Amino acid sequence: MSAPLRQAPNPGSSTATPRGAVAATGLRLAVRRFARNRLAVIGLAVIAVFVLFCLVGPYLHPTDQTHTALSQVNLAPSTGHPLGTDAVGHDELGRLMYGGKVSLLVGLAAGVLATVIGTLWGAVAGYAGGWIGAVMMRVVDAGIAIPALFILLVISAILTPGVYGLIVILGLVSWLVPSRLIRAETLTLKNRDYVLTLRAIGGTHTRAITRHILPNAVSTIVVAATFQVADAILLVAYVSYLGLGVQPPATDWGGMLSAGLTAAYSGRWWLILPPGLAVILVVCAFNAIGDGLRDAFDVRGRG
């Protein structure tokens, strides 16, 4: 009996490499490359520690951050108060946890909001091109020419926002830089074969942006979001330091720095050093993560 004939593998059959498998392989390579970046891994660990510190810490070290305790004002670090107390008797360690929760929440939410707005604006401006793209980018250029901190201070002085208001204001003044990054990426992607093919068969502009351009620009979006979170945390600290952030009894690390500034001259270092170190460590950690993600998604740098 003759042996059965073997069919040649069909490129469109299941033996061909699925598109999802290629994406998964690229993601694994990016994760490995990120893991080789020691600073990025350390930054990720630092963020994880601070998140646990701010979310789980209050259950392990419960304190009253609402009512004053005038009998325990400006106490030095001790067993009962590991970081001492402030000018109204609040436990400084508990205040650091409470303020960190606000700083991280506002920074993360504002960074994500700014990235979403900037991504949509930049994608539309880059894809549309012509006079529409030119007008949209002139708006961005005009916004960048005005310091974001100045705009934030003016709005905060007028509205005196709470936590959620501060998130919205930060998002609305911080989307300009991501929009320029996404526009540059869109200008490259819109001339790719798969986008031109979609247009040739009658695909809509919305579909081209949402199904092809934005998914292929995800690496740029993720990296931009990471840096935006770091910038938002710094802006929150700036505004709160000047007394225009969240209002008491709520606080954040910038508000703690402002409250402890005069006490530092009296030798009460515990009121200014912990929140200052927290801001520095978190911002540096997010920047390290952003650098690691940028290198991990850089196809040209892969070996």
# chains A, B, ... in the order shown; residues from 1 in each chain; ligands from 1

call {"tool": "residues_around", "arguments": {"residues": "Ala123 of chain A", "least_positions_apart": "5", "cutoff": "8 Å", "atoms": "only C-alpha atoms", "output": "list of chain:residue names"}}
result
A:Ser179, A:Ile182, A:Arg183, A:Thr186, A:Ile209, A:Ile213, A:Leu214

call {"tool": "write_last_selection", "arguments": {"atoms": "N, CA, C and O atoms", "output": "compact mmCIF listing (two decimals), in the first residue's frame"}}
result
# COMPACT_ATOMS: atom_id res chain seq x y z
N SER A 179 0.58 64.43 24.53
CA SER A 179 -0.04 64.62 23.22
C SER A 179 1.01 64.78 22.13
O SER A 179 0.84 64.27 21.00
N ILE A 182 2.48 61.19 21.43
CA ILE A 182 1.56 60.33 20.69
C ILE A 182 1.37 60.84 19.26
O ILE A 182 1.22 60.05 18.33
N ARG A 183 1.38 62.14 19.07
CA ARG A 183 1.26 62.67 17.70
C ARG A 183 2.44 62.22 16.86
O ARG A 183 2.27 61.79 15.70
N THR A 186 1.94 58.67 15.98
CA THR A 186 0.84 58.51 15.01
C THR A 186 1.28 58.87 13.61
O THR A 186 0.86 58.23 12.63
N ILE A 209 -7.87 54.59 14.12
CA ILE A 209 -7.18 55.10 15.31
C ILE A 209 -7.29 54.10 16.46
O ILE A 209 -6.29 53.78 17.12
N ILE A 213 -3.81 52.24 15.30
CA ILE A 213 -2.78 53.20 15.72
C ILE A 213 -2.54 53.14 17.22
O ILE A 213 -1.39 52.97 17.67
N LEU A 214 -3.59 53.27 18.03
CA LEU A 214 -3.40 53.28 19.48
C LEU A 214 -2.84 51.95 20.02
O LEU A 214 -1.93 51.97 20.86

call {"tool": "residues_around", "arguments": {"residues": "segment 88-97 of chain A", "least_positions_apart": "6", "cutoff": "6 Å", "atoms": "only C-alpha atoms", "output": "PyMOL selection string"}}
result
chain A and resi 54+63+65+68-70+72-73

call {"tool": "closest_residue", "arguments": {"among": "A:Gly165, A:Gly130, A:Pro275, A:Gly111", "to": "Val177 of chain A", "atoms": "only C-alpha atoms"}}
result
A:Gly111

call {"tool": "closest_residue", "arguments": {"among": "A:Ser174, A:Ser240, A:Thr25, A:Gln247", "to": "Ala114 of chain A", "atoms": "only C-alpha atoms"}}
result
A:Ser174

call {"tool": "residues_around", "arguments": {"residues": "Ser219 of chain A", "least_positions_apart": "2", "cutoff": "12 Å", "atoms": "only C-alpha atoms", "output": "VMD selection string"}}
result
chain A and resid 26 to 27 30 119 181 to 182 185 213 to 217 221 to 226 290 to 299

call {"tool": "write_last_selection", "arguments": {"atoms": "N, CA and C atoms", "output": "short mmCIF file (atom, residue, chain, number, x, y, z; two decimals), in the first residue's frame"}}
result
data_model
loop_
_atom_site.label_atom_id
_atom_site.label_comp_id
_atom_site.auth_asym_id
_atom_site.auth_seq_id
_atom_site.Cartn_x
_atom_site.Cartn_y
_atom_site.Cartn_z
N GLY A 26 6.63 39.00 22.14
CA GLY A 26 7.16 40.34 22.30
C GLY A 26 7.00 40.85 23.72
N LEU A 27 5.86 40.51 24.35
CA LEU A 27 5.65 40.94 25.73
C LEU A 27 6.62 40.24 26.68
N ALA A 30 9.91 41.89 26.41
CA ALA A 30 9.92 43.18 27.10
C ALA A 30 10.03 42.99 28.61
N THR A 119 -3.28 61.34 24.82
CA THR A 119 -3.26 60.29 23.80
C THR A 119 -4.32 60.52 22.74
N LEU A 181 4.04 63.44 22.16
CA LEU A 181 4.66 62.12 21.96
C LEU A 181 3.77 61.22 21.12
N ILE A 182 2.48 61.19 21.43
CA ILE A 182 1.56 60.33 20.69
C ILE A 182 1.37 60.84 19.26
N GLU A 185 4.24 59.57 17.25
CA GLU A 185 4.08 58.13 16.98
C GLU A 185 3.01 57.90 15.92
N ILE A 213 -3.81 52.24 15.30
CA ILE A 213 -2.78 53.20 15.72
C ILE A 213 -2.54 53.14 17.22
N LEU A 214 -3.59 53.27 18.03
CA LEU A 214 -3.40 53.28 19.48
C LEU A 214 -2.84 51.95 20.02
N PRO A 215 -3.33 50.78 19.57
CA PRO A 215 -2.72 49.53 20.07
C PRO A 215 -1.24 49.41 19.73
N ASN A 216 -0.82 49.92 18.59
CA ASN A 216 0.58 49.84 18.21
C ASN A 216 1.42 50.94 18.86
N ALA A 217 0.77 51.89 19.49
CA ALA A 217 1.50 52.94 20.20
C ALA A 217 1.44 52.73 21.71
N ILE A 221 2.55 55.03 25.06
CA ILE A 221 1.52 55.47 26.00
C ILE A 221 1.87 55.06 27.43
N VAL A 222 2.32 53.82 27.61
CA VAL A 222 2.65 53.32 28.95
C VAL A 222 3.82 54.10 29.54
N VAL A 223 4.85 54.33 28.74
CA VAL A 223 6.00 55.08 29.23
C VAL A 223 5.61 56.51 29.57
N ALA A 224 4.80 57.14 28.72
CA ALA A 224 4.35 58.51 28.99
C ALA A 224 3.53 58.57 30.28
N ALA A 225 2.69 57.57 30.51
CA ALA A 225 1.87 57.54 31.72
C ALA A 225 2.73 57.45 32.97
N THR A 226 3.80 56.67 32.90
CA THR A 226 4.68 56.51 34.06
C THR A 226 5.32 57.84 34.44
N GLY A 290 9.85 54.27 34.44
CA GLY A 290 9.65 54.79 33.09
C GLY A 290 10.84 54.55 32.19
N ASP A 291 12.04 54.75 32.71
CA ASP A 291 13.24 54.47 31.92
C ASP A 291 13.33 52.99 31.57
N GLY A 292 13.01 52.13 32.54
CA GLY A 292 13.05 50.70 32.29
C GLY A 292 12.04 50.27 31.25
N LEU A 293 10.83 50.81 31.30
CA LEU A 293 9.81 50.48 30.31
C LEU A 293 10.20 50.99 28.92
N ARG A 294 10.78 52.17 28.87
CA ARG A 294 11.20 52.71 27.57
C ARG A 294 12.26 51.83 26.93
N ASP A 295 13.23 51.35 27.74
CA ASP A 295 14.25 50.46 27.20
C ASP A 295 13.68 49.09 26.84
N ALA A 296 12.70 48.63 27.63
CA ALA A 296 12.12 47.31 27.38
C ALA A 296 11.32 47.28 26.08
N PHE A 297 10.64 48.37 25.77
CA PHE A 297 9.81 48.42 24.57
C PHE A 297 10.59 48.92 23.35
N ASP A 298 11.85 49.29 23.52
CA ASP A 298 12.66 49.80 22.42
C ASP A 298 13.14 48.62 21.58
N VAL A 299 12.50 48.42 20.43
CA VAL A 299 12.86 47.28 19.58
C VAL A 299 14.26 47.40 19.05
#

call {"tool": "closest_residue", "arguments": {"among": "A:Trp175, A:Trp253, A:Tyr127, A:Tyr59", "to": "Val229 of chain A", "atoms": "only C-alpha atoms"}}
result
A:Trp175

call {"tool": "select_by_dssp", "arguments": {"residues": "segment 57-261 of chain A", "states": "alpha helix (DSSP H)", "output": "VMD selection string"}}
result
chain A and resid 57 to 60 92 to 128 130 to 145 148 to 159 163 to 173 176 to 189 193 to 200 205 to 208 214 to 216 218 to 241 253 to 261

call {"tool": "residues_around", "arguments": {"residues": "Val195 of chain A", "least_positions_apart": "6", "cutoff": "10 Å", "atoms": "only C-alpha atoms", "output": "ChimeraX atom specification"}}
result
/A:189,203,205,207-209,211-213

call {"tool": "closest_residue", "arguments": {"among": "A:Arg28, A:Arg36, A:Lys190, A:His67", "to": "Ala125 of chain A", "atoms": "only C-alpha atoms"}}
result
A:Lys190

call {"tool": "closest_residue", "arguments": {"among": "A:Gly107, A:Gln228, A:Arg199, A:Gly255", "to": "Tyr241 of chain A", "atoms": "only C-alpha atoms"}}
result
A:Gly255

call {"tool": "residues_around", "arguments": {"residues": "Val46 of chain A", "least_positions_apart": "2", "cutoff": "12 Å", "atoms": "only C-alpha atoms", "output": "PyMOL selection string"}}
result
chain A and resi 39-44+48-53+278-289
